[in-house]
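Trainee: One structure is given below, represented as structure tokens, and several questions about it will come after.
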Amino acid sequence: MRIDRFLQLNTPHSRQTVRGLMAEGRVLVDTVVVTDPRCEVGQFSRIELDQQVLQATPAKYFMLHKPAGVVSATVHDVHRTVLDLLSNDDRQGLHLAGRLDLKTTGLMLLTNDGSWSRRITQPEKSFDKVYRVETQDPVPQQAAEVFRQGIYFSYEDITTRPARLEQTGSHTSLLTLNEGRYHQVKRMFGYFDNEVINLHRESMGQIKLDPKLEPGQYRELTQAEIATV
């Protein structure tokens, strides 16, 4: 939104008066005097008129180490939610940038910046997500090639995008996806009638779960991490 429009909507002043106030240097955007009425402002811009703050909503970006048994939702009638793990001040206005099911652990991203989260979750984007997988039975030798070619899901009438499987043991592997279908990892291994017994997300794009975070702990993202999205 243009700054003159914002001030017209959020003060008693007309647009003509607003432009006069700006010409006098009485409007600050992010602590800088702004005189151009065409200046664009966003939801996280700090806007002041005559030293009165009209908007000062900070952008928030967190990574959280989700434990098992916590639901990926903002509210739930039965289970604790990921927001319940944050302090009252930090959780205000947050939403989830991607989800994990109840038993799955690992990296979750939370923010109040809808544009940022959409860049992560939009289907046409190709943010790799890396999962550590443990299965009930040994991983079949042909699994890597089958995952690379894609698996047909008849319910949605789609074929999964090529995925990369790296075995780390007879029953363990790292799986890299760049999409997020419903229970996708479990369904892919289910193609071989092999049950996933532990599933942990290690990274989303270039953002990796901080190894210092214990399950249930969280921290703010660094500016470098935010900028990767």
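Here, A, B, ... name the chains of the structure tokens in the order displayed, residue numbers run from 1 inside each chain, and ligands are numbered from 1 in the same displayed order.
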Per residue of range 102-188 of chain A within 12 Å of range 63-70 of chain A, which atom pair is closest and at what distance in Å (one decimal), using only C-alpha atoms, listed by chain and increasing number, as CSV?

Mentor:
residue,atom,partner,partner_atom,distance
A:Leu102,CA,A:Gly69,CA,5.2
A:Lys103,CA,A:Ala68,CA,4.5
A:Thr104,CA,A:Ala68,CA,5.7
A:Thr105,CA,A:Pro67,CA,5.0
A:Gly106,CA,A:His65,CA,5.0
A:Leu107,CA,A:His65,CA,5.2
A:Met108,CA,A:Leu64,CA,5.2
A:Leu109,CA,A:Met63,CA,4.7
A:Leu110,CA,A:Met63,CA,6.4
A:Thr111,CA,A:Met63,CA,9.0

Trainee: DSSP on the backbone: which residues in range 68-147 of chain A end up as alpha helix (DSSP H)? Give the answer as a list of chain:residue names.

Mentor: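 DSSP-assigned alpha helix (DSSP H) residues in range 68-147 of chain A: A:Asn88, A:Asp89, A:Asp90, A:Arg91, A:Gly114, A:Ser115, A:Trp116, A:Ser117, A:Arg118, A:Arg119, A:Ile120, A:Thr121, A:Ala143, A:Ala144, A:Glu145, A:Val146, A:Phe147.
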
Trainee: Identify which of the residues A:Asp36, A:Asp90, A:Asp128, A:Asp84 lies closest to Gly180 in chain A, counting only C-alpha atoms when measuring atom-to-atom distances.

Mentor: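 Selected residue with least distance to Gly180 in chain A: A:Asp128.
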
Trainee: Would you kindly return, as a ChimeraX atom specification, each protein, DNA or RNA residue with an atom no farther than 12 Å from any atom of range 27-30 of chain A, considering only C-alpha atoms and excluding same-chain residues fewer than 4 positions away?

Mentor: /A:2-4,6-7,18-23,34-37,39-58

Trainee: Identify all residues of range 62-185 of chain A in strand (DSSP E) (DSSP on the backbone) and supply them as a PyMOL selection string.

Mentor: chain A and resi 62-66+95-96+105-111+129-135+152-153+158-159+164-167+172-177

Trainee: Pull N, CA and C atoms from the residues just selected and write them as an mmCIF file, in the first residue's frame.

Mentor:
data_model
loop_
_atom_site.group_PDB
_atom_site.id
_atom_site.type_symbol
_atom_site.label_atom_id
_atom_site.label_comp_id
_atom_site.auth_asym_id
_atom_site.auth_seq_id
_atom_site.Cartn_x
_atom_site.Cartn_y
_atom_site.Cartn_z
ATOM 1 N N PHE A 62 10.469 -18.469 13.242
ATOM 2 C CA PHE A 62 11.023 -19.406 14.209
ATOM 3 C C PHE A 62 11.218 -20.781 13.581
ATOM 4 N N MET A 63 12.232 -21.495 14.067
ATOM 5 C CA MET A 63 12.309 -22.935 13.843
ATOM 6 C C MET A 63 12.038 -23.625 15.166
ATOM 7 N N LEU A 64 11.356 -24.761 15.072
ATOM 8 C CA LEU A 64 10.987 -25.525 16.263
ATOM 9 C C LEU A 64 11.303 -26.990 16.034
ATOM 10 N N HIS A 65 11.803 -27.637 17.076
ATOM 11 C CA HIS A 65 12.039 -29.081 17.032
ATOM 12 C C HIS A 65 10.779 -29.757 17.548
ATOM 13 N N LYS A 66 9.960 -30.222 16.618
ATOM 14 C CA LYS A 66 8.683 -30.824 17.004
ATOM 15 C C LYS A 66 8.893 -32.213 17.605
ATOM 16 N N HIS A 95 1.532 -18.624 12.218
ATOM 17 C CA HIS A 95 0.942 -19.768 11.548
ATOM 18 C C HIS A 95 2.070 -20.707 11.136
ATOM 19 N N LEU A 96 1.713 -21.887 10.650
ATOM 20 C CA LEU A 96 2.687 -22.925 10.336
ATOM 21 C C LEU A 96 3.051 -22.878 8.862
ATOM 22 N N THR A 105 8.596 -36.246 13.944
ATOM 23 C CA THR A 105 9.384 -35.271 14.686
ATOM 24 C C THR A 105 10.215 -34.420 13.728
ATOM 25 N N GLY A 106 10.846 -33.386 14.291
ATOM 26 C CA GLY A 106 11.813 -32.640 13.498
ATOM 27 C C GLY A 106 11.447 -31.205 13.233
ATOM 28 N N LEU A 107 12.022 -30.676 12.157
ATOM 29 C CA LEU A 107 11.975 -29.251 11.856
ATOM 30 C C LEU A 107 10.579 -28.782 11.476
ATOM 31 N N MET A 108 10.146 -27.729 12.169
ATOM 32 C CA MET A 108 8.957 -26.997 11.765
ATOM 33 C C MET A 108 9.299 -25.521 11.724
ATOM 34 N N LEU A 109 8.680 -24.802 10.784
ATOM 35 C CA LEU A 109 8.879 -23.369 10.649
ATOM 36 C C LEU A 109 7.569 -22.660 10.945
ATOM 37 N N LEU A 110 7.661 -21.581 11.730
ATOM 38 C CA LEU A 110 6.484 -20.801 12.107
ATOM 39 C C LEU A 110 6.774 -19.327 11.867
ATOM 40 N N THR A 111 5.761 -18.590 11.412
ATOM 41 C CA THR A 111 5.959 -17.193 11.064
ATOM 42 C C THR A 111 4.627 -16.465 11.088
ATOM 43 N N LYS A 129 12.957 -31.140 0.992
ATOM 44 C CA LYS A 129 12.744 -31.476 2.390
ATOM 45 C C LYS A 129 13.401 -32.830 2.641
ATOM 46 N N VAL A 130 14.262 -32.889 3.641
ATOM 47 C CA VAL A 130 15.027 -34.105 3.920
ATOM 48 C C VAL A 130 14.476 -34.754 5.187
ATOM 49 N N TYR A 131 14.181 -36.048 5.075
ATOM 50 C CA TYR A 131 13.631 -36.819 6.184
ATOM 51 C C TYR A 131 14.560 -37.981 6.534
ATOM 52 N N ARG A 132 14.696 -38.229 7.809
ATOM 53 C CA ARG A 132 15.368 -39.435 8.287
ATOM 54 C C ARG A 132 14.288 -40.469 8.576
ATOM 55 N N VAL A 133 14.411 -41.631 7.928
ATOM 56 C CA VAL A 133 13.348 -42.632 7.959
ATOM 57 C C VAL A 133 13.867 -43.938 8.549
ATOM 58 N N GLU A 134 13.079 -44.522 9.434
ATOM 59 C CA GLU A 134 13.346 -45.867 9.934
ATOM 60 C C GLU A 134 12.138 -46.728 9.632
ATOM 61 N N THR A 135 12.384 -47.899 9.045
ATOM 62 C CA THR A 135 11.283 -48.767 8.629
ATOM 63 C C THR A 135 11.286 -50.079 9.408
ATOM 64 N N TYR A 152 2.876 -43.838 -8.371
ATOM 65 C CA TYR A 152 1.522 -43.408 -8.696
ATOM 66 C C TYR A 152 0.624 -43.563 -7.479
ATOM 67 N N PHE A 153 -0.050 -42.465 -7.102
ATOM 68 C CA PHE A 153 -1.041 -42.479 -6.027
ATOM 69 C C PHE A 153 -2.420 -42.422 -6.682
ATOM 70 N N ILE A 158 -2.182 -38.966 -9.165
ATOM 71 C CA ILE A 158 -0.937 -38.235 -9.440
ATOM 72 C C ILE A 158 0.242 -39.200 -9.276
ATOM 73 N N THR A 159 1.346 -38.837 -9.890
ATOM 74 C CA THR A 159 2.606 -39.544 -9.695
ATOM 75 C C THR A 159 3.555 -38.628 -8.947
ATOM 76 N N ARG A 164 14.901 -38.594 -3.884
ATOM 77 C CA ARG A 164 16.240 -39.163 -3.732
ATOM 78 C C ARG A 164 16.333 -39.937 -2.414
ATOM 79 N N LEU A 165 16.699 -41.208 -2.512
ATOM 80 C CA LEU A 165 16.812 -42.070 -1.332
ATOM 81 C C LEU A 165 18.263 -42.466 -1.129
ATOM 82 N N GLU A 166 18.745 -42.254 0.081
ATOM 83 C CA GLU A 166 20.115 -42.648 0.441
ATOM 84 C C GLU A 166 20.029 -43.563 1.658
ATOM 85 N N GLN A 167 20.389 -44.828 1.471
ATOM 86 C CA GLN A 167 20.341 -45.763 2.597
ATOM 87 C C GLN A 167 21.500 -45.498 3.551
ATOM 88 N N THR A 172 17.317 -47.994 7.770
ATOM 89 C CA THR A 172 17.306 -46.535 7.882
ATOM 90 C C THR A 172 17.762 -45.896 6.579
ATOM 91 N N SER A 173 17.252 -44.688 6.329
ATOM 92 C CA SER A 173 17.613 -43.986 5.097
ATOM 93 C C SER A 173 17.303 -42.511 5.236
ATOM 94 N N LEU A 174 17.875 -41.746 4.316
ATOM 95 C CA LEU A 174 17.540 -40.338 4.164
ATOM 96 C C LEU A 174 16.755 -40.191 2.865
ATOM 97 N N LEU A 175 15.603 -39.536 2.951
ATOM 98 C CA LEU A 175 14.748 -39.349 1.797
ATOM 99 C C LEU A 175 14.583 -37.858 1.543
ATOM 100 N N THR A 176 14.861 -37.431 0.314
ATOM 101 C CA THR A 176 14.729 -36.019 -0.066
ATOM 102 C C THR A 176 13.562 -35.878 -1.026
ATOM 103 N N LEU A 177 12.581 -35.070 -0.621
ATOM 104 C CA LEU A 177 11.405 -34.778 -1.432
ATOM 105 C C LEU A 177 11.371 -33.292 -1.750
#

Trainee: Suppose you want the space between CA of Arg99 in chain A and CA of Val229 in chain A; what is it in Å?

Mentor: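 Separating CA of Arg99 in chain A from CA of Val229 in chain A is a distance of 16.8 Å.
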